[in-house]
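K.L.:
Compact mmCIF, C-alpha atoms, saved as run37.txt, coming up:
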# COMPACT_ATOMS: atom_id res chain seq x y z
CA MET U 283 26.21 -16.69 12.66
CA LYS U 284 26.13 -15.29 16.18
CA THR U 285 23.04 -13.28 15.27
CA ILE U 286 21.29 -16.41 14.01
CA ASP U 287 22.22 -18.31 17.14
CA LYS U 288 21.12 -15.43 19.35
CA GLU U 289 17.82 -14.96 17.56
CA PHE U 290 16.86 -18.59 17.00
CA GLY U 291 19.13 -20.55 19.30
CA GLY U 292 17.47 -23.45 21.01
CA ARG U 293 14.37 -23.42 18.80
CA LYS U 294 15.97 -24.46 15.51
CA ASN U 295 19.38 -25.54 14.49
CA ARG U 296 21.29 -23.22 12.23
CA SER U 297 21.24 -25.55 9.19
CA GLN U 298 17.48 -25.98 9.39
CA LEU U 299 16.95 -22.23 9.67
CA ILE U 300 19.21 -21.50 6.69
CA GLU U 301 17.54 -24.23 4.60
CA GLU U 302 14.08 -22.79 5.34
CA ALA U 303 15.27 -19.27 4.53
CA VAL U 304 16.70 -20.36 1.19
CA LYS U 305 13.49 -22.24 0.30
CA GLU U 306 11.39 -19.17 1.13
CA TYR U 307 13.71 -16.95 -0.92
CA VAL U 308 13.55 -19.27 -3.95
CA GLU U 309 9.75 -19.51 -3.74
CA ARG U 310 9.49 -15.72 -3.49
CA ARG U 311 11.75 -15.29 -6.55
CA ILE U 312 9.63 -17.79 -8.52
CA HIS U 313 6.49 -15.80 -7.70
CA ILE U 314 8.15 -12.49 -8.53
CA ASN U 315 9.42 -13.80 -11.87
CA ARG U 316 5.98 -15.21 -12.73
CA ASP U 317 4.34 -11.91 -11.80
CA LEU U 318 6.83 -10.00 -13.95
CA ALA U 319 6.15 -12.31 -16.90
CA ASP U 320 2.39 -11.81 -16.45
CA LEU U 321 2.87 -8.05 -16.27
CA GLU U 322 4.91 -8.11 -19.48
CA ILE U 323 2.10 -9.99 -21.25
CA LEU U 324 -0.50 -7.53 -19.97
CA ASN U 325 1.61 -4.55 -21.01
CA LYS U 326 2.08 -5.96 -24.51
CA LYS U 327 -1.67 -6.47 -24.85
CA SER U 328 -2.79 -3.39 -22.93
CA ASP U 329 -3.94 -1.36 -25.94
CA LYS U 330 -6.19 -4.18 -27.15
CA LEU U 331 -7.48 -4.90 -23.64
CA ASN U 332 -8.22 -1.23 -23.01
CA LYS U 333 -10.12 -0.94 -26.30
CA GLU U 334 -12.17 -4.02 -25.42
CA ALA U 335 -12.95 -2.61 -21.97
CA ALA U 336 -14.02 0.73 -23.47
CA ASP U 337 -16.24 -1.10 -25.95
CA VAL U 338 -17.91 -3.08 -23.16
CA LEU U 339 -18.55 0.11 -21.20
CA LEU U 340 -20.50 1.52 -24.15
CA PHE U 341 -23.10 -1.20 -23.62
CA GLN U 342 -23.71 -0.37 -19.95
CA ALA U 343 -27.15 0.92 -19.14
CA ASP U 344 -27.46 4.23 -17.35
CA LEU U 345 -28.87 3.81 -13.88
Would you give me this structure, written as C-alpha cells?
P.N.:
Amino acid sequence: MKTIDKEFGGRKNRSQLIEEAVKEYVERRIHINRDLADLEILNKKSDKLNKEAADVLLFQADL
C-alpha cells in the first residue's frame, strides 16, 4: 500500500485507485476471453475458410 500511496498519493484515494484497477482488469479479461472464443471458432472453421479464399483467388484477373 505504501507504493500506491507514494505513486498516486494526493491525486486519488487508494480505494478509488483499486476500484478502477479492478474494473480495467475485468474488462481486459472479458476482451481476452471473447478474443479466445473468436479464435477457437476461426480455427475450427479454418480449413473451410482457406478453401473458400483459395477459390476466390482463382477468379482474380491478372494485372
K.L.:
For atom CA of U:Ala319 and atom CA of U:Leu331, determine how far apart the two atoms are, in Å to one decimal place.
P.N.:
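Separating atom CA of U:Ala319 from atom CA of U:Leu331 is a distance of 16.9 Å.
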K.L.:
What is the distance between atom CA of U:Tyr307 and atom CA of U:Lys326, in Å to one decimal?
P.N.:
28.5 Å
K.L.:
Would you mind reading off the distance between atom CA of U:Ala303 and atom CA of U:Ile286, one decimal, in Å?
P.N.:
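Interatomic distance, atom CA of U:Ala303 to atom CA of U:Ile286: 11.6 Å.
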